[in-house]
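Colleague: Structure provided below as C-alpha cells; questions to follow.
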Amino acid sequence: MHIVICIKQVPDSAQIRVHPVTNTIMRQGVPTIINPYDLFALEEALRLRDAYGGEVTVLTMGPPMAEDALRKALGYGADRAVLLTDRYFAGSDTLATSFALSQAIAKVGETFGTPDLVFTGKQTIDGDTAQVGPGIAKRLGLLQLTYVAKIPSIDLAAGEIKVERRSEGGTQMLKSRLPCLITMLEGTNEIRRGSIHDALCAARSQVLKWSAADAGIEDLTKCGLRGSPTVVKRVFAPAARAQKAALIDTAEKALRDVADELITAIFTRQPALEHELAFNGGA
Amino acid sequence: MSTANRETPRPAAGRAGIKKELPAHFKDYRHVWVFIELERGQVHPVSFELLGEGRKLADKLEVQLAGVVLGPPGEAVGNAVAEAFAYGADLVYIAEAPLLADYRNEPFTKAMTDLVDTHKPEILLLGATTLGRDLAGSVATTLQTGLTADCTELDVDTDSSLAATRPTFGGSLLCTIYTLNFRPQMATVRPRVMPMPQRTDKPVGRVIRHKLSLAEDEIATKVLGFLPDNQSAKANLAYADVVVAGGLGLGAAENLQLVKNLARAIGAEHGCSRPLVQKSWMPADRQIGQTGKTIRPKLYIAAGISGAVQHRVGVEGADLIVAINTDPNAPIFDFAHLGIVTDAIRFLPALTEAFTRRLSPHSRDKLAS
Ligand SMILES: Cc1cc2nc3c(=O)[nH]c(=O)nc-3n(C[C@H](O)[C@H](O)[C@H](O)COP(=O)(O)OP(=O)(O)OC[C@H]3O[C@@H](n4cnc5c(N)ncnc54)[C@H](O)[C@@H]3O)c2cc1C
Ligand SMILES: Nc1ncnc2c1ncn2[C@@H]1O[C@H](COP(=O)(O)O)[C@@H](O)[C@H]1O
C-alpha cells in the first residue's frame with residue numbers, strides 16, 4: 001500500500017507576537033513545528049503501513065527551510081519525503097495550495113506508485129481552514145472522508161475501507177472505496193517515538209526537492225498569488241474593549257459578603273437573569 | 001479557496017489586489033444563499049444565525065435571500081423550509097432525495113454545485129460545522145472559487161463585494177478577505193459567532209425544487225451506522241444561557257468539581273480553557289475558545305482563566321463576563337465586565353453557596369410576590 005501524507009511546517013503560534021505598532025507578525029526567532037494536527041495523520045499513516053505493508057511518502061509545500069519538518073517526519077519512520085518549493089507558490093491561498101499539492105501527489109504517484117490513501121491533518125494552526133484536504137480530494141477525484149477518528153479496517157484486495165467519522169452529534173460509520181483522501185481528527189492516536197533505526201535512515205535519506213516544473217505543473221497561473229481567488233485586503237488587530245472590568249473590592253471582607261455583592265452586581269446588570277436562574281437552578 | 005493559508009497574510013499589493021472587471025459570465029450571479037443544514041431531522045441553529053447575517057447582506061445589496069435545503073423526502077425538509085422563511089428567507093431551494101438522508105460528501109456536493117450552476121448566487125454562506133466544512137471545501141474547489149473559513153464578520157464593501165473578516169495567526173490578528181473575480185463568494189461561520197435573529201411566523205413563500213440526477217449506485221460511500229454521542233457529550237455548551245468555566249488557575253483536576261458544583265447550582269453548563277483538555281482534566285468538547293466552542297451565553301463566569309486571545313475570541317459574544325483571577329493584571333480583566341481578584345478555589349464554594357441562598361425556594365417566593 002502506498003500512502004501519501006501532507007504535512008505543513010508552521011510557526012509555533014503559541015510564541016507568535018504581533019508588533020504593537022505595525023500590526024505585523026514578528027517571526028524572527030519564532031520556532032517552527034510540524035502542524036500539530038498533521039502528526040495524528042502521520043501516525044495513522046505509519047500505523048497502517050506497519051499493519052498492511054507498503055510505503056509512506058510525506059509531502060509538504062513550503063520554503064526551503066520546510067525541509068526540517070520533512071526530516072522530522074523521516075525520523076518518525078516515513079519512507080520518503082518530497083519538498084515542493086518554488087517562488088511561484090508564494091502567496092497561495094487554499095485553492096492554489098490544493099492545486100499545487102494535488103499536482104505533486106499525481107507526480108509522486110507516477111514516480112513511486114499510485115497512492116491508495118492520501119492523508120492530511122484536520123486543519124493547520126496558521127491557516128486554520130480545514131479546506132486544503134477537501135480541495136486536494138476534489139482535484140484528484142478522490143473520495144473524501146473528513147474528521148476521521150478511527151480506521152477499523154482496510155480490505156486492499158476489494159479496495160474497501162471502513163472508517164468512523166466525527167459528525168454533528170455523533171459518529172458516522174462509513175464504508176468507502178480506495179483510493180481516498182482522509183483528514184484525520186486530533187486526539188486519535190499519539191505520534192510514536194522514532195526508532196534509532198529510523199533516525200539513522202532519516203539522516204541518510206535525501207529529501208527530494210521539486211520545483212513547479214519537477215512536479216509537472218504547467219499552468220503557473222493556478223499557483224501562488226495569481227492562482228488564489230481570495231485576496232487579503234486588510235490585516236488589523238482586534239479592537240480593545242473600551243472599559244476594563246469593574247472590580248469588586250475584596251479587602252477586609254468575608255468571602256460570603258463578596259459573593260453576595262457579586263451576585264447583586266450580576267443581577268443589577270442583567271435583571272432578567274435572576275428569574276431565569278431561579279427556575280433553572282438545582283437549588 | 002480561502003484565506004490566510006498564505007505564508008504571511010498581508011494586504012495584497014500589485015496585480016492581484018486590484019479589482020478587475022468581473023468576468024462577463026459572472027455578471028448574472030445575484031442573491032445571497034444560506035445553506036440550511038439539516039441532519040437527522042434537525043436544522044442546525046447556525047443556519048438561522050446565518051440567515052440573520054444573510055438578511056443584512058441581501059438588504060445592503062438589494063437582492064434576495066434564499067435558503068438551500070438538501071434532505072430526504074419527508075416532514076423534516078418541510079419543517080426546515082418553514083423555519084427558513086420564519087428566519088428571514090425570501091425563497092428556498094430544495095433538493096429532496098432518499099440518498100440525501102445521511103450526510104455524505106458526494107451527493108451533497110453534487111446537489112449544491114448543480115444548484116449554484118443553475119441559479120447563480122453571488123454569495124453562499126455555510127455553517128463551519130463538521131458537515132459545513134466538509135461540504136464547503138468540495139463545493140468551492142468544484143466551482144473554482146474563493147472560500148473564507150470561520151468568519152467573524154461579514155459585510156458588503158462599497159464596490160458590492162463580500163468583505164469576510166476572520167481571525168488569523170491564532171486570533172492575534174484579524175484579516176479581511178475578498179473574492180474579487182470569482183463567483184459565488186463563499187464563506188463559513190462557526191456556530192454562535194453571529195447572534196440568533198428574531199423568528200417571525202411567516203407563510204411559506206416561493207419554493208424552487210431541484211431534481212438531483214444521481215443514483216445510489218453512483219455513490220461509493222455507504223453509511224453503515226450512526227452512533228449518537230452520549231448524554232454528557234451532547235451537553236449543549238455552545239447554546240447554553242449560562243456557562244461556568246475553569247482554567248489552569250484551579251491548579252488540580254479535582255478542583256474542577258468546584259466549577260461543576262457552581263454550574264449545577266445555577267443551572268449552567270460547564271467548560272474549560274484548552275490546557276485542561278490537554279491535561280485530560282476535561283473532555284475536548286468542553287473546551288471554549290478558538291479551537292473549541294464559541295459560546296454566547298447571557299452570563300459567563302471564568303475562574304482561573306488568564307484570558308488569552310484564543311480564549312477571548314470564543315467568549316466575546318457573552319452578554320456579561322465575570323472573571324475570578326488572583327492576578328489583577330490578567331488579560332481577562334481587559335474584556336470581562338465584572339472582576340474579582342481572589343483565589344477561585346476558595347471563592348467558588350462561597351459563590352455557589354451565596355447563589356443557592358439567593359435562589360432558594362424561600363427567596364423564590366419573595367421574587368414572585
Ligand atoms: C493555536 C492555538 C489555539 C488555542 N486555542 C485555545 C482555545 O480554543 N481555548 C483556550 O482556552 N485556549 C486556547 N489556546 C491556549 C491559549 O493561548 C492559552 O494558553 C490558554 O487559554 C491558557 O489557559 P488558562 O487561562 O487556563 O491558563 P493560564 O494562562 O496559565 O492562566 C491561569 C490563570 O489563573 C490565574 N490563577 C492562578 N491561580 C489562581 C487561583 N487560585 N485563583 C484564581 N486564579 C488563579 C493566573 O493568574 C492566570 O491568569 C490556544 C493556543 C494556540 C497556540
Ligand atoms: N503547504 C502545505 N503543504 C502540505 N500540506 C498542507 C499545506 N497546507 C495545508 N496542508 C495540509 O492540509 C491540511 C489542512 O490545512 P488548512 O486547510 O490550512 O487548515 C493540513 O493539516 C495539512 O495536512
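Each chain in the C-alpha cells gets a letter, A, B, ..., in the order shown, and its residues are numbered from 1; ligands are numbered from 1 in order too.
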Excluding Arg296 of chain B and any residue of its chain fewer than 3 positions from it, enumerate the residues within 12 Å of it, using only C-alpha atoms, and give them as a ChimeraX atom specification.
Modeller: /B:190-196,236-243,288-289,293,299-300,312-321
Colleague: Please, which residues of chain A lie no more than 7 Å from chain B when the count uses only C-alpha atoms, and can they be set out as a short mmCIF file (atom, residue, chain, number, x, y, z; two decimals) with C-alpha atoms, in the first residue's frame?
Modeller:
data_model
loop_
_atom_site.label_atom_id
_atom_site.label_comp_id
_atom_site.auth_asym_id
_atom_site.auth_seq_id
_atom_site.Cartn_x
_atom_site.Cartn_y
_atom_site.Cartn_z
CA SER A 13 1.86 30.13 17.18
CA GLY A 91 1.09 33.73 -1.61
CA SER A 92 -1.00 30.64 -2.30
CA ASP A 93 -4.42 30.54 -0.72
CA THR A 94 -6.12 27.21 -0.11
CA LEU A 95 -7.33 26.79 -3.69
CA ILE A 125 -2.89 26.20 13.16
CA ASP A 126 -1.83 29.11 10.94
CA GLY A 127 -4.23 28.81 8.02
CA THR A 129 -9.26 26.46 7.30
CA GLN A 131 -10.02 23.23 3.28
CA PRO A 134 -11.11 18.54 0.64
CA GLY A 135 -9.53 20.68 -2.08
CA LYS A 138 -11.75 17.13 -5.35
CA GLN A 144 -13.21 12.39 0.68
CA THR A 146 -13.05 14.13 6.73
CA SER A 167 -20.20 14.22 12.54
CA GLU A 168 -22.57 16.63 14.26
CA GLY A 169 -23.90 14.92 17.35
CA GLY A 170 -22.27 11.55 16.89
CA THR A 171 -20.06 9.18 14.97
CA GLN A 172 -20.82 8.04 11.45
CA MET A 173 -19.68 4.56 10.40
CA LEU A 174 -18.83 4.62 6.71
CA LYS A 175 -17.68 2.19 4.10
CA SER A 176 -15.94 3.66 1.10
CA ARG A 177 -13.61 2.84 -1.75
CA LEU A 225 -0.96 34.69 -5.60
CA ARG A 226 -2.13 34.53 -9.20
CA PRO A 229 -9.21 33.70 -5.85
CA THR A 230 -9.16 35.22 -2.39
CA VAL A 231 -7.31 38.39 -1.61
CA VAL A 232 -6.33 39.61 1.84
CA LYS A 233 -7.15 43.29 1.79
CA ARG A 234 -6.60 44.31 5.35
CA VAL A 235 -4.86 42.93 8.42
CA PHE A 236 -5.60 44.55 11.75
CA ALA A 237 -5.56 43.98 15.49
CA PRO A 238 -8.81 43.23 17.30
CA ARG A 241 -12.82 46.90 24.78
CA LYS A 244 -11.83 47.31 31.81
CA ALA A 245 -13.75 45.07 34.17
CA ALA A 246 -15.35 46.69 37.19
CA LEU A 247 -13.51 45.08 40.08
CA ILE A 248 -15.38 44.14 43.21
CA LEU A 255 -15.93 35.78 51.15
CA ARG A 256 -19.62 35.36 51.77
CA ALA A 259 -20.11 36.64 46.84
CA ASP A 260 -23.36 38.40 47.70
CA LEU A 277 -31.51 31.26 37.31
CA ALA A 278 -34.17 30.82 39.98
CA ASN A 280 -33.05 26.71 36.16
CA GLY A 281 -31.04 26.17 39.27
CA GLY A 282 -30.82 22.88 41.06
CA ALA A 283 -31.02 24.74 44.36
#
Colleague: Can you list, as a PyMOL selection string, all residues belonging to segment 149-215 of chain A that DSSP tags as strand (DSSP E or B)?
Modeller: chain A and resi 149-155+160-167+170-177+180-184+207-210
Colleague: Counting only C-alpha atoms and all ligand atoms, what residues are within 7 Å of ligand 2, given as JSON, numbers by chain?
Modeller: {"A": [6, 7, 8, 35, 37, 38, 59, 60, 61, 62, 94, 97, 101, 119, 120, 121, 122, 123, 124, 125, 126, 127, 128, 129, 130, 131, 132, 133], "B": [5]}
Colleague: Let's have the selection written as a CSV table (one decimal), in the first residue's frame, with N, CA, C and O atoms.
Modeller:
chain,number,residue,atom,x,y,z
A,6,CYS,N,0.3,14.7,3.7
A,6,CYS,CA,0.7,16.1,3.5
A,6,CYS,C,0.9,16.7,4.9
A,6,CYS,O,-0.1,16.7,5.7
A,7,ILE,N,2.0,17.3,5.1
A,7,ILE,CA,2.2,18.0,6.4
A,7,ILE,C,2.6,19.4,6.1
A,7,ILE,O,3.1,19.7,5.0
A,8,LYS,N,2.4,20.3,7.0
A,8,LYS,CA,2.8,21.7,6.8
A,8,LYS,C,3.7,22.1,8.0
A,8,LYS,O,3.4,21.8,9.1
A,35,ASN,N,2.8,21.1,11.8
A,35,ASN,CA,1.5,21.4,12.3
A,35,ASN,C,1.0,20.3,13.2
A,35,ASN,O,0.9,19.1,12.8
A,37,TYR,N,-1.8,19.1,14.2
A,37,TYR,CA,-2.8,18.2,13.7
A,37,TYR,C,-2.3,17.2,12.7
A,37,TYR,O,-2.9,16.1,12.6
A,38,ASP,N,-1.2,17.5,12.0
A,38,ASP,CA,-0.7,16.6,11.0
A,38,ASP,C,-0.1,15.4,11.6
A,38,ASP,O,0.1,14.4,10.9
A,59,LEU,N,4.8,14.7,2.2
A,59,LEU,CA,4.9,15.8,1.2
A,59,LEU,C,4.6,17.1,1.8
A,59,LEU,O,3.6,17.2,2.6
A,60,THR,N,5.4,18.1,1.5
A,60,THR,CA,5.0,19.5,2.0
A,60,THR,C,5.3,20.5,0.9
A,60,THR,O,6.2,20.3,0.1
A,61,MET,N,4.5,21.5,0.9
A,61,MET,CA,4.8,22.7,0.1
A,61,MET,C,5.2,23.8,1.0
A,61,MET,O,4.5,24.1,1.9
A,62,GLY,N,6.3,24.4,0.7
A,62,GLY,CA,6.8,25.5,1.6
A,62,GLY,C,8.1,26.0,1.2
A,62,GLY,O,8.7,25.6,0.2
A,94,THR,N,-5.9,28.7,-0.2
A,94,THR,CA,-6.1,27.2,-0.1
A,94,THR,C,-6.4,26.6,-1.5
A,94,THR,O,-6.1,25.4,-1.7
A,97,THR,N,-3.0,26.2,-3.0
A,97,THR,CA,-2.3,25.2,-2.3
A,97,THR,C,-2.7,23.8,-2.7
A,97,THR,O,-1.9,22.9,-3.0
A,101,LEU,N,-0.4,20.9,-4.5
A,101,LEU,CA,-0.3,19.7,-3.8
A,101,LEU,C,-0.9,18.5,-4.6
A,101,LEU,O,-0.3,17.4,-4.6
A,119,PHE,N,-3.4,11.3,3.1
A,119,PHE,CA,-3.8,11.8,4.4
A,119,PHE,C,-3.5,13.3,4.5
A,119,PHE,O,-2.5,13.8,4.0
A,120,THR,N,-4.4,14.1,5.2
A,120,THR,CA,-4.0,15.4,5.6
A,120,THR,C,-4.4,15.5,7.1
A,120,THR,O,-5.2,14.7,7.6
A,121,GLY,N,-3.9,16.6,7.8
A,121,GLY,CA,-4.4,16.9,9.1
A,121,GLY,C,-5.8,17.4,9.0
A,121,GLY,O,-6.3,17.7,7.9
A,122,LYS,N,-6.4,17.6,10.1
A,122,LYS,CA,-7.8,18.2,10.2
A,122,LYS,C,-7.7,19.6,9.7
A,122,LYS,O,-8.5,20.1,8.9
A,123,GLN,N,-6.7,20.4,10.2
A,123,GLN,CA,-6.6,21.8,9.8
A,123,GLN,C,-5.2,22.2,10.2
A,123,GLN,O,-4.5,21.5,10.9
A,124,THR,N,-4.8,23.4,9.8
A,124,THR,CA,-3.5,23.9,10.2
A,124,THR,C,-3.7,24.9,11.3
A,124,THR,O,-4.8,25.4,11.5
A,125,ILE,N,-2.7,25.2,12.1
A,125,ILE,CA,-2.9,26.2,13.2
A,125,ILE,C,-2.6,27.6,12.7
A,125,ILE,O,-2.9,28.6,13.3
A,126,ASP,N,-2.0,27.7,11.5
A,126,ASP,CA,-1.8,29.1,10.9
A,126,ASP,C,-2.9,29.5,9.9
A,126,ASP,O,-3.5,30.5,9.9
A,127,GLY,N,-3.2,28.6,9.0
A,127,GLY,CA,-4.2,28.8,8.0
A,127,GLY,C,-5.6,28.5,8.6
A,127,GLY,O,-6.5,29.3,8.5
A,128,ASP,N,-5.7,27.4,9.3
A,128,ASP,CA,-6.8,27.1,10.1
A,128,ASP,C,-8.1,27.0,9.3
A,128,ASP,O,-9.2,27.4,9.8
A,129,THR,N,-8.1,26.4,8.1
A,129,THR,CA,-9.3,26.5,7.3
A,129,THR,C,-9.9,25.1,7.1
A,129,THR,O,-11.1,25.0,6.8
A,130,ALA,N,-9.1,24.0,7.3
A,130,ALA,CA,-9.6,22.7,7.0
A,130,ALA,C,-10.1,22.5,5.6
A,130,ALA,O,-11.0,21.7,5.3
A,131,GLN,N,-9.6,23.3,4.7
A,131,GLN,CA,-10.0,23.2,3.3
A,131,GLN,C,-9.0,22.6,2.3
A,131,GLN,O,-9.4,22.1,1.3
A,132,VAL,N,-7.8,22.6,2.7
A,132,VAL,CA,-6.8,22.0,1.8
A,132,VAL,C,-7.1,20.5,1.5
A,132,VAL,O,-7.0,20.1,0.3
A,133,GLY,N,-7.4,19.8,2.5
A,133,GLY,CA,-7.7,18.4,2.3
A,133,GLY,C,-8.8,18.1,1.3
A,133,GLY,O,-8.6,17.5,0.3
B,5,ASN,N,-4.0,30.9,4.5
B,5,ASN,CA,-3.1,29.8,4.4
B,5,ASN,C,-1.8,30.3,3.9
B,5,ASN,O,-0.8,29.6,3.7
Colleague: From a backbone DSSP assignment, name each residue in segment 105-229 of chain A labelled helix (DSSP H, G or I), as a ChimeraX atom specification.
Modeller: /A:105-112,132-140,196-204,220-222,225-227
